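What follows is the content of data.cif, which has mmCIF, N, CA and C atoms, pLDDT in the B column; chains and numbers go by the auth columns:
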```
data_structure
#
loop_
_atom_site.group_PDB
_atom_site.id
_atom_site.type_symbol
_atom_site.label_atom_id
_atom_site.label_comp_id
_atom_site.label_asym_id
_atom_site.label_seq_id
_atom_site.Cartn_x
_atom_site.Cartn_y
_atom_site.Cartn_z
_atom_site.B_iso_or_equiv
_atom_site.auth_seq_id
_atom_site.auth_asym_id
ATOM 1 N N MET A 1 17.043 99.540 136.865 90.00 1 A
ATOM 2 C CA MET A 1 15.952 99.293 137.785 90.00 1 A
ATOM 3 C C MET A 1 15.936 100.375 138.853 90.00 1 A
ATOM 4 N N ILE A 2 14.743 100.625 139.345 95.00 2 A
ATOM 5 C CA ILE A 2 14.523 101.657 140.353 95.00 2 A
ATOM 6 C C ILE A 2 14.031 100.968 141.622 95.00 2 A
ATOM 7 N N ALA A 3 14.737 101.194 142.738 96.00 3 A
ATOM 8 C CA ALA A 3 14.327 100.598 144.016 96.00 3 A
ATOM 9 C C ALA A 3 13.989 101.713 144.996 96.00 3 A
ATOM 10 N N ARG A 4 12.881 101.526 145.711 97.00 4 A
ATOM 11 C CA ARG A 4 12.455 102.481 146.725 97.00 4 A
ATOM 12 C C ARG A 4 12.022 101.741 147.971 97.00 4 A
ATOM 13 N N THR A 5 12.262 102.365 149.120 98.00 5 A
ATOM 14 C CA THR A 5 11.896 101.766 150.400 98.00 5 A
ATOM 15 C C THR A 5 10.832 102.615 151.079 98.00 5 A
ATOM 16 N N PHE A 6 9.846 101.929 151.643 98.00 6 A
ATOM 17 C CA PHE A 6 8.754 102.584 152.354 98.00 6 A
ATOM 18 C C PHE A 6 8.663 102.012 153.763 98.00 6 A
ATOM 19 N N ARG A 7 8.260 102.842 154.719 98.00 7 A
ATOM 20 C CA ARG A 7 7.955 102.400 156.082 98.00 7 A
ATOM 21 C C ARG A 7 6.454 102.159 156.118 98.00 7 A
ATOM 22 N N VAL A 8 6.068 100.948 156.490 98.00 8 A
ATOM 23 C CA VAL A 8 4.648 100.581 156.543 98.00 8 A
ATOM 24 C C VAL A 8 4.267 100.360 158.006 98.00 8 A
ATOM 25 N N THR A 9 3.194 100.993 158.431 97.00 9 A
ATOM 26 C CA THR A 9 2.738 100.822 159.810 97.00 9 A
ATOM 27 C C THR A 9 1.484 99.970 159.840 97.00 9 A
ATOM 28 N N GLY A 10 1.391 99.179 160.901 96.00 10 A
ATOM 29 C CA GLY A 10 0.212 98.355 161.122 96.00 10 A
ATOM 30 C C GLY A 10 0.384 96.887 160.795 96.00 10 A
ATOM 31 N N MET A 11 1.469 96.517 160.113 96.00 11 A
ATOM 32 C CA MET A 11 1.671 95.099 159.778 96.00 11 A
ATOM 33 C C MET A 11 2.178 94.346 161.002 96.00 11 A
ATOM 34 N N THR A 12 1.644 93.136 161.193 95.00 12 A
ATOM 35 C CA THR A 12 2.077 92.342 162.347 95.00 12 A
ATOM 36 C C THR A 12 2.402 90.891 162.008 95.00 12 A
ATOM 37 N N CYS A 13 2.076 90.436 160.780 95.00 13 A
ATOM 38 C CA CYS A 13 2.216 89.009 160.498 95.00 13 A
ATOM 39 C C CYS A 13 2.409 88.744 159.003 95.00 13 A
ATOM 40 N N GLY A 14 2.532 87.477 158.677 95.00 14 A
ATOM 41 C CA GLY A 14 2.687 87.055 157.294 95.00 14 A
ATOM 42 C C GLY A 14 1.490 87.384 156.427 95.00 14 A
ATOM 43 N N HIS A 15 0.304 87.318 157.007 96.00 15 A
ATOM 44 C CA HIS A 15 -0.899 87.682 156.257 96.00 15 A
ATOM 45 C C HIS A 15 -0.840 89.158 155.855 96.00 15 A
ATOM 46 N N CYS A 16 -0.372 89.997 156.760 96.00 16 A
ATOM 47 C CA CYS A 16 -0.217 91.423 156.468 96.00 16 A
ATOM 48 C C CYS A 16 0.753 91.608 155.300 96.00 16 A
ATOM 49 N N GLU A 17 1.886 90.924 155.366 97.00 17 A
ATOM 50 C CA GLU A 17 2.877 91.002 154.292 97.00 17 A
ATOM 51 C C GLU A 17 2.265 90.594 152.956 97.00 17 A
ATOM 52 N N ARG A 18 1.538 89.515 152.960 97.00 18 A
ATOM 53 C CA ARG A 18 0.916 89.005 151.731 97.00 18 A
ATOM 54 C C ARG A 18 -0.085 90.004 151.160 97.00 18 A
ATOM 55 N N SER A 19 -0.878 90.615 152.016 97.00 19 A
ATOM 56 C CA SER A 19 -1.862 91.602 151.566 97.00 19 A
ATOM 57 C C SER A 19 -1.185 92.782 150.866 97.00 19 A
ATOM 58 N N VAL A 20 -0.130 93.302 151.476 98.00 20 A
ATOM 59 C CA VAL A 20 0.605 94.422 150.880 98.00 20 A
ATOM 60 C C VAL A 20 1.265 93.975 149.583 98.00 20 A
ATOM 61 N N ARG A 21 1.905 92.815 149.593 97.00 21 A
ATOM 62 C CA ARG A 21 2.589 92.297 148.398 97.00 21 A
ATOM 63 C C ARG A 21 1.614 92.155 147.227 97.00 21 A
ATOM 64 N N GLU A 22 0.433 91.628 147.493 97.00 22 A
ATOM 65 C CA GLU A 22 -0.546 91.427 146.426 97.00 22 A
ATOM 66 C C GLU A 22 -1.053 92.749 145.868 97.00 22 A
ATOM 67 N N GLU A 23 -1.359 93.715 146.718 97.00 23 A
ATOM 68 C CA GLU A 23 -1.864 95.013 146.248 97.00 23 A
ATOM 69 C C GLU A 23 -0.812 95.760 145.436 97.00 23 A
ATOM 70 N N VAL A 24 0.387 95.877 145.988 97.00 24 A
ATOM 71 C CA VAL A 24 1.441 96.641 145.318 97.00 24 A
ATOM 72 C C VAL A 24 1.943 95.901 144.076 97.00 24 A
ATOM 73 N N GLY A 25 1.944 94.593 144.119 96.00 25 A
ATOM 74 C CA GLY A 25 2.427 93.796 142.989 96.00 25 A
ATOM 75 C C GLY A 25 1.580 93.935 141.739 96.00 25 A
ATOM 76 N N GLU A 26 0.367 94.460 141.858 95.00 26 A
ATOM 77 C CA GLU A 26 -0.509 94.642 140.706 95.00 26 A
ATOM 78 C C GLU A 26 -0.227 95.933 139.938 95.00 26 A
ATOM 79 N N VAL A 27 0.626 96.795 140.480 95.00 27 A
ATOM 80 C CA VAL A 27 0.942 98.064 139.827 95.00 27 A
ATOM 81 C C VAL A 27 1.795 97.793 138.584 95.00 27 A
ATOM 82 N N ALA A 28 1.409 98.389 137.471 94.00 28 A
ATOM 83 C CA ALA A 28 2.153 98.211 136.219 94.00 28 A
ATOM 84 C C ALA A 28 3.594 98.701 136.379 94.00 28 A
ATOM 85 N N GLY A 29 4.536 97.890 135.913 94.00 29 A
ATOM 86 C CA GLY A 29 5.948 98.252 135.959 94.00 29 A
ATOM 87 C C GLY A 29 6.692 97.732 137.169 94.00 29 A
ATOM 88 N N ILE A 30 5.968 97.250 138.186 96.00 30 A
ATOM 89 C CA ILE A 30 6.622 96.727 139.387 96.00 30 A
ATOM 90 C C ILE A 30 7.248 95.377 139.066 96.00 30 A
ATOM 91 N N ARG A 31 8.528 95.243 139.389 96.00 31 A
ATOM 92 C CA ARG A 31 9.245 93.994 139.127 96.00 31 A
ATOM 93 C C ARG A 31 9.266 93.098 140.367 96.00 31 A
ATOM 94 N N SER A 32 9.491 93.693 141.542 97.00 32 A
ATOM 95 C CA SER A 32 9.498 92.885 142.764 97.00 32 A
ATOM 96 C C SER A 32 9.004 93.705 143.948 97.00 32 A
ATOM 97 N N VAL A 33 8.441 92.981 144.922 98.00 33 A
ATOM 98 C CA VAL A 33 7.908 93.593 146.135 98.00 33 A
ATOM 99 C C VAL A 33 8.402 92.751 147.306 98.00 33 A
ATOM 100 N N ASP A 34 9.210 93.353 148.170 98.00 34 A
ATOM 101 C CA ASP A 34 9.698 92.672 149.365 98.00 34 A
ATOM 102 C C ASP A 34 9.099 93.366 150.582 98.00 34 A
ATOM 103 N N VAL A 35 8.389 92.601 151.401 98.00 35 A
ATOM 104 C CA VAL A 35 7.697 93.155 152.562 98.00 35 A
ATOM 105 C C VAL A 35 8.174 92.425 153.811 98.00 35 A
ATOM 106 N N ASP A 36 8.449 93.182 154.870 97.00 36 A
ATOM 107 C CA ASP A 36 8.871 92.583 156.138 97.00 36 A
ATOM 108 C C ASP A 36 8.072 93.223 157.267 97.00 36 A
ATOM 109 N N ALA A 37 7.129 92.469 157.821 97.00 37 A
ATOM 110 C CA ALA A 37 6.284 92.988 158.903 97.00 37 A
ATOM 111 C C ALA A 37 7.105 93.281 160.146 97.00 37 A
ATOM 112 N N ARG A 38 8.111 92.486 160.399 96.00 38 A
ATOM 113 C CA ARG A 38 8.913 92.649 161.607 96.00 38 A
ATOM 114 C C ARG A 38 9.603 94.015 161.635 96.00 38 A
ATOM 115 N N SER A 39 10.188 94.407 160.497 97.00 39 A
ATOM 116 C CA SER A 39 10.877 95.697 160.440 97.00 39 A
ATOM 117 C C SER A 39 9.975 96.813 159.934 97.00 39 A
ATOM 118 N N GLY A 40 8.795 96.449 159.415 97.00 40 A
ATOM 119 C CA GLY A 40 7.870 97.442 158.893 97.00 40 A
ATOM 120 C C GLY A 40 8.328 98.079 157.600 97.00 40 A
ATOM 121 N N THR A 41 9.036 97.295 156.772 98.00 41 A
ATOM 122 C CA THR A 41 9.549 97.860 155.526 98.00 41 A
ATOM 123 C C THR A 41 8.929 97.205 154.301 98.00 41 A
ATOM 124 N N LEU A 42 8.894 98.006 153.251 98.00 42 A
ATOM 125 C CA LEU A 42 8.443 97.582 151.939 98.00 42 A
ATOM 126 C C LEU A 42 9.482 98.099 150.952 98.00 42 A
ATOM 127 N N VAL A 43 10.073 97.198 150.175 98.00 43 A
ATOM 128 C CA VAL A 43 11.025 97.591 149.136 98.00 43 A
ATOM 129 C C VAL A 43 10.416 97.214 147.801 98.00 43 A
ATOM 130 N N VAL A 44 10.262 98.215 146.950 98.00 44 A
ATOM 131 C CA VAL A 44 9.637 98.035 145.649 98.00 44 A
ATOM 132 C C VAL A 44 10.686 98.291 144.573 98.00 44 A
ATOM 133 N N THR A 45 10.801 97.359 143.636 97.00 45 A
ATOM 134 C CA THR A 45 11.707 97.516 142.507 97.00 45 A
ATOM 135 C C THR A 45 10.873 97.555 141.244 97.00 45 A
ATOM 136 N N SER A 46 11.162 98.544 140.390 96.00 46 A
ATOM 137 C CA SER A 46 10.390 98.677 139.158 96.00 46 A
ATOM 138 C C SER A 46 11.316 98.902 137.974 96.00 46 A
ATOM 139 N N ASP A 47 10.798 98.590 136.802 92.00 47 A
ATOM 140 C CA ASP A 47 11.539 98.804 135.566 92.00 47 A
ATOM 141 C C ASP A 47 11.377 100.234 135.065 92.00 47 A
ATOM 142 N N VAL A 48 10.275 100.852 135.424 94.00 48 A
ATOM 143 C CA VAL A 48 9.955 102.213 134.991 94.00 48 A
ATOM 144 C C VAL A 48 9.584 103.040 136.216 94.00 48 A
ATOM 145 N N PRO A 49 9.658 104.359 136.115 94.00 49 A
ATOM 146 C CA PRO A 49 9.239 105.178 137.253 94.00 49 A
ATOM 147 C C PRO A 49 7.766 104.933 137.599 94.00 49 A
ATOM 148 N N VAL A 50 7.507 104.749 138.876 94.00 50 A
ATOM 149 C CA VAL A 50 6.138 104.584 139.377 94.00 50 A
ATOM 150 C C VAL A 50 5.940 105.647 140.451 94.00 50 A
ATOM 151 N N ASP A 51 4.861 106.374 140.369 96.00 51 A
ATOM 152 C CA ASP A 51 4.567 107.440 141.318 96.00 51 A
ATOM 153 C C ASP A 51 4.436 106.858 142.728 96.00 51 A
ATOM 154 N N ASP A 52 5.143 107.452 143.680 96.00 52 A
ATOM 155 C CA ASP A 52 5.069 107.001 145.072 96.00 52 A
ATOM 156 C C ASP A 52 3.636 106.998 145.585 96.00 52 A
ATOM 157 N N ALA A 53 2.834 107.957 145.134 97.00 53 A
ATOM 158 C CA ALA A 53 1.441 108.062 145.596 97.00 53 A
ATOM 159 C C ALA A 53 0.648 106.812 145.227 97.00 53 A
ATOM 160 N N VAL A 54 0.974 106.193 144.102 97.00 54 A
ATOM 161 C CA VAL A 54 0.284 104.965 143.691 97.00 54 A
ATOM 162 C C VAL A 54 0.606 103.845 144.673 97.00 54 A
ATOM 163 N N ILE A 55 1.860 103.731 145.053 97.00 55 A
ATOM 164 C CA ILE A 55 2.277 102.685 145.986 97.00 55 A
ATOM 165 C C ILE A 55 1.655 102.932 147.360 97.00 55 A
ATOM 166 N N VAL A 56 1.706 104.170 147.829 97.00 56 A
ATOM 167 C CA VAL A 56 1.119 104.512 149.129 97.00 56 A
ATOM 168 C C VAL A 56 -0.382 104.225 149.116 97.00 56 A
ATOM 169 N N HIS A 57 -1.050 104.550 148.025 97.00 57 A
ATOM 170 C CA HIS A 57 -2.487 104.288 147.895 97.00 57 A
ATOM 171 C C HIS A 57 -2.774 102.788 147.981 97.00 57 A
ATOM 172 N N ASP A 58 -1.988 101.984 147.257 97.00 58 A
ATOM 173 C CA ASP A 58 -2.228 100.539 147.258 97.00 58 A
ATOM 174 C C ASP A 58 -1.937 99.907 148.612 97.00 58 A
ATOM 175 N N VAL A 59 -0.942 100.419 149.323 98.00 59 A
ATOM 176 C CA VAL A 59 -0.701 99.949 150.693 98.00 59 A
ATOM 177 C C VAL A 59 -1.926 100.280 151.542 98.00 59 A
ATOM 178 N N GLY A 60 -2.501 101.447 151.332 97.00 60 A
ATOM 179 C CA GLY A 60 -3.721 101.835 152.034 97.00 60 A
ATOM 180 C C GLY A 60 -4.883 100.919 151.707 97.00 60 A
ATOM 181 N N GLU A 61 -4.976 100.493 150.439 96.00 61 A
ATOM 182 C CA GLU A 61 -6.025 99.564 150.036 96.00 61 A
ATOM 183 C C GLU A 61 -5.889 98.229 150.764 96.00 61 A
ATOM 184 N N ALA A 62 -4.668 97.874 151.125 97.00 62 A
ATOM 185 C CA ALA A 62 -4.423 96.633 151.864 97.00 62 A
ATOM 186 C C ALA A 62 -4.725 96.822 153.356 97.00 62 A
ATOM 187 N N GLY A 63 -4.956 98.079 153.775 96.00 63 A
ATOM 188 C CA GLY A 63 -5.322 98.339 155.169 96.00 63 A
ATOM 189 C C GLY A 63 -4.213 98.883 156.029 96.00 63 A
ATOM 190 N N TYR A 64 -3.147 99.391 155.424 98.00 64 A
ATOM 191 C CA TYR A 64 -1.990 99.890 156.172 98.00 64 A
ATOM 192 C C TYR A 64 -1.627 101.268 155.664 98.00 64 A
ATOM 193 N N SER A 65 -0.685 101.915 156.304 97.00 65 A
ATOM 194 C CA SER A 65 -0.216 103.208 155.818 97.00 65 A
ATOM 195 C C SER A 65 1.281 103.142 155.564 97.00 65 A
ATOM 196 N N ALA A 66 1.721 103.947 154.597 98.00 66 A
ATOM 197 C CA ALA A 66 3.129 103.910 154.195 98.00 66 A
ATOM 198 C C ALA A 66 3.649 105.300 153.892 98.00 66 A
ATOM 199 N N VAL A 67 4.938 105.481 154.120 98.00 67 A
ATOM 200 C CA VAL A 67 5.655 106.678 153.713 98.00 67 A
ATOM 201 C C VAL A 67 6.992 106.249 153.137 98.00 67 A
ATOM 202 N N ARG A 68 7.444 106.962 152.112 97.00 68 A
ATOM 203 C CA ARG A 68 8.732 106.625 151.500 97.00 68 A
ATOM 204 C C ARG A 68 9.857 107.101 152.407 97.00 68 A
ATOM 205 N N VAL A 69 10.857 106.230 152.593 96.00 69 A
ATOM 206 C CA VAL A 69 12.009 106.586 153.421 96.00 69 A
ATOM 207 C C VAL A 69 13.306 106.590 152.631 96.00 69 A
ATOM 208 N N ALA A 70 13.340 105.959 151.486 83.00 70 A
ATOM 209 C CA ALA A 70 14.568 105.966 150.655 83.00 70 A
ATOM 210 C C ALA A 70 14.224 105.645 149.221 83.00 70 A
#
```

What is this file in structure tokens?
Amino acid sequence: MIARTFRVTGMTCGHCERSVREEVGEVAGIRSVDVDARSGTLVVTSDVPVDDAVIVHDVGEAGYSAVRVA
């Protein structure tokens, strides 16, 4: 499994977390999506390599911005 961490800006609540989780969770190959508005983190685990740009784009579709940090 491949795990990556992103810093997400603009999230403030559970609704924000849910929006990001739903958008990113639709990406093919994603196994799990953990979002924490308090710390501003998104941890994505996948079975196959997924382009970071796809994840960043989907976070943008949810109304937030993201950059990979690990």

| task | Apply DSSP to the backbone of this structure and, from chain A, keep only the residues in helix (DSSP H, G or I); write these as a ChimeraX atom specification. | result | /A:14-25,52-61

What would the file look like if the residues just selected were written as an mmCIF file, in the frame of the given file with N, CA and C atoms?
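Done, and the output landed in result.cif:
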```cif
data_model
loop_
_atom_site.group_PDB
_atom_site.id
_atom_site.type_symbol
_atom_site.label_atom_id
_atom_site.label_comp_id
_atom_site.auth_asym_id
_atom_site.auth_seq_id
_atom_site.Cartn_x
_atom_site.Cartn_y
_atom_site.Cartn_z
ATOM 1 N N GLY A 14 2.532 87.477 158.677
ATOM 2 C CA GLY A 14 2.687 87.055 157.294
ATOM 3 C C GLY A 14 1.490 87.384 156.427
ATOM 4 N N HIS A 15 0.304 87.318 157.007
ATOM 5 C CA HIS A 15 -0.899 87.682 156.257
ATOM 6 C C HIS A 15 -0.840 89.158 155.855
ATOM 7 N N CYS A 16 -0.372 89.997 156.760
ATOM 8 C CA CYS A 16 -0.217 91.423 156.468
ATOM 9 C C CYS A 16 0.753 91.608 155.300
ATOM 10 N N GLU A 17 1.886 90.924 155.366
ATOM 11 C CA GLU A 17 2.877 91.002 154.292
ATOM 12 C C GLU A 17 2.265 90.594 152.956
ATOM 13 N N ARG A 18 1.538 89.515 152.960
ATOM 14 C CA ARG A 18 0.916 89.005 151.731
ATOM 15 C C ARG A 18 -0.085 90.004 151.160
ATOM 16 N N SER A 19 -0.878 90.615 152.016
ATOM 17 C CA SER A 19 -1.862 91.602 151.566
ATOM 18 C C SER A 19 -1.185 92.782 150.866
ATOM 19 N N VAL A 20 -0.130 93.302 151.476
ATOM 20 C CA VAL A 20 0.605 94.422 150.880
ATOM 21 C C VAL A 20 1.265 93.975 149.583
ATOM 22 N N ARG A 21 1.905 92.815 149.593
ATOM 23 C CA ARG A 21 2.589 92.297 148.398
ATOM 24 C C ARG A 21 1.614 92.155 147.227
ATOM 25 N N GLU A 22 0.433 91.628 147.493
ATOM 26 C CA GLU A 22 -0.546 91.427 146.426
ATOM 27 C C GLU A 22 -1.053 92.749 145.868
ATOM 28 N N GLU A 23 -1.359 93.715 146.718
ATOM 29 C CA GLU A 23 -1.864 95.013 146.248
ATOM 30 C C GLU A 23 -0.812 95.760 145.436
ATOM 31 N N VAL A 24 0.387 95.877 145.988
ATOM 32 C CA VAL A 24 1.441 96.641 145.318
ATOM 33 C C VAL A 24 1.943 95.901 144.076
ATOM 34 N N GLY A 25 1.944 94.593 144.119
ATOM 35 C CA GLY A 25 2.427 93.796 142.989
ATOM 36 C C GLY A 25 1.580 93.935 141.739
ATOM 37 N N ASP A 52 5.143 107.452 143.680
ATOM 38 C CA ASP A 52 5.069 107.001 145.072
ATOM 39 C C ASP A 52 3.636 106.998 145.585
ATOM 40 N N ALA A 53 2.834 107.957 145.134
ATOM 41 C CA ALA A 53 1.441 108.062 145.596
ATOM 42 C C ALA A 53 0.648 106.812 145.227
ATOM 43 N N VAL A 54 0.974 106.193 144.102
ATOM 44 C CA VAL A 54 0.284 104.965 143.691
ATOM 45 C C VAL A 54 0.606 103.845 144.673
ATOM 46 N N ILE A 55 1.860 103.731 145.053
ATOM 47 C CA ILE A 55 2.277 102.685 145.986
ATOM 48 C C ILE A 55 1.655 102.932 147.360
ATOM 49 N N VAL A 56 1.706 104.170 147.829
ATOM 50 C CA VAL A 56 1.119 104.512 149.129
ATOM 51 C C VAL A 56 -0.382 104.225 149.116
ATOM 52 N N HIS A 57 -1.050 104.550 148.025
ATOM 53 C CA HIS A 57 -2.487 104.288 147.895
ATOM 54 C C HIS A 57 -2.774 102.788 147.981
ATOM 55 N N ASP A 58 -1.988 101.984 147.257
ATOM 56 C CA ASP A 58 -2.228 100.539 147.258
ATOM 57 C C ASP A 58 -1.937 99.907 148.612
ATOM 58 N N VAL A 59 -0.942 100.419 149.323
ATOM 59 C CA VAL A 59 -0.701 99.949 150.693
ATOM 60 C C VAL A 59 -1.926 100.280 151.542
ATOM 61 N N GLY A 60 -2.501 101.447 151.332
ATOM 62 C CA GLY A 60 -3.721 101.835 152.034
ATOM 63 C C GLY A 60 -4.883 100.919 151.707
ATOM 64 N N GLU A 61 -4.976 100.493 150.439
ATOM 65 C CA GLU A 61 -6.025 99.564 150.036
ATOM 66 C C GLU A 61 -5.889 98.229 150.764
#
```

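Among the candidates A:Val67, A:Val8, A:Cys13, A:Thr45, the residue lying nearest to Ala28 (chain A) is A:Thr45 (atoms considered: only C-alpha atoms).
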
| task | Using the chain letters and residue numbers of this document, give as a list of chain:residue names the residues selected by the PyMOL selection byres (((chain A and resi 31-42 and name CA) around 6) and name CA). | result | A:Thr5, A:Phe6, A:Arg7, A:Val8, A:Met11, A:Thr12, A:Cys13, A:Glu17, A:Arg21, A:Ile30, A:Val43, A:Val44, A:Thr45, A:Ser46

Got time to write the residues from that selection, N, CA and C atoms, as a short mmCIF file (atom, residue, chain, number, x, y, z; two decimals), in the frame of the given file?
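Everything below was put into part.cif:
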```cif
data_model
loop_
_atom_site.label_atom_id
_atom_site.label_comp_id
_atom_site.auth_asym_id
_atom_site.auth_seq_id
_atom_site.Cartn_x
_atom_site.Cartn_y
_atom_site.Cartn_z
N THR A 5 12.26 102.36 149.12
CA THR A 5 11.90 101.77 150.40
C THR A 5 10.83 102.62 151.08
N PHE A 6 9.85 101.93 151.64
CA PHE A 6 8.75 102.58 152.35
C PHE A 6 8.66 102.01 153.76
N ARG A 7 8.26 102.84 154.72
CA ARG A 7 7.96 102.40 156.08
C ARG A 7 6.45 102.16 156.12
N VAL A 8 6.07 100.95 156.49
CA VAL A 8 4.65 100.58 156.54
C VAL A 8 4.27 100.36 158.01
N MET A 11 1.47 96.52 160.11
CA MET A 11 1.67 95.10 159.78
C MET A 11 2.18 94.35 161.00
N THR A 12 1.64 93.14 161.19
CA THR A 12 2.08 92.34 162.35
C THR A 12 2.40 90.89 162.01
N CYS A 13 2.08 90.44 160.78
CA CYS A 13 2.22 89.01 160.50
C CYS A 13 2.41 88.74 159.00
N GLU A 17 1.89 90.92 155.37
CA GLU A 17 2.88 91.00 154.29
C GLU A 17 2.26 90.59 152.96
N ARG A 21 1.90 92.82 149.59
CA ARG A 21 2.59 92.30 148.40
C ARG A 21 1.61 92.16 147.23
N ILE A 30 5.97 97.25 138.19
CA ILE A 30 6.62 96.73 139.39
C ILE A 30 7.25 95.38 139.07
N VAL A 43 10.07 97.20 150.18
CA VAL A 43 11.02 97.59 149.14
C VAL A 43 10.42 97.21 147.80
N VAL A 44 10.26 98.22 146.95
CA VAL A 44 9.64 98.04 145.65
C VAL A 44 10.69 98.29 144.57
N THR A 45 10.80 97.36 143.64
CA THR A 45 11.71 97.52 142.51
C THR A 45 10.87 97.56 141.24
N SER A 46 11.16 98.54 140.39
CA SER A 46 10.39 98.68 139.16
C SER A 46 11.32 98.90 137.97
#
```

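Taking CA of Ser65 (chain A) and CA of Gly10 (chain A) as the two end points, the separation is 7.2 Å.
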
| task | Excluding Glu23 (chain A) and residues on its chain fewer than 6 positions from it, collect all residues at most 8 Å away from it, counting only C-alpha atoms, and give them as JSON, numbers by chain. | result | {"A": [58, 59, 61, 62]}

| field | Residues of chain A in strand (DSSP E), written as a VMD selection string | value | chain A and resid 2 to 9 30 to 36 41 to 46 65 to 68

| task | Using CA of Ser19 (chain A) and CA of Ala70 (chain A) as the two end points, give the distance in Å to one decimal. | result | 21.8 Å

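What separates atom C of Glu26 (chain A) from atom C of Val54 (chain A) is a distance of 9.3 Å.
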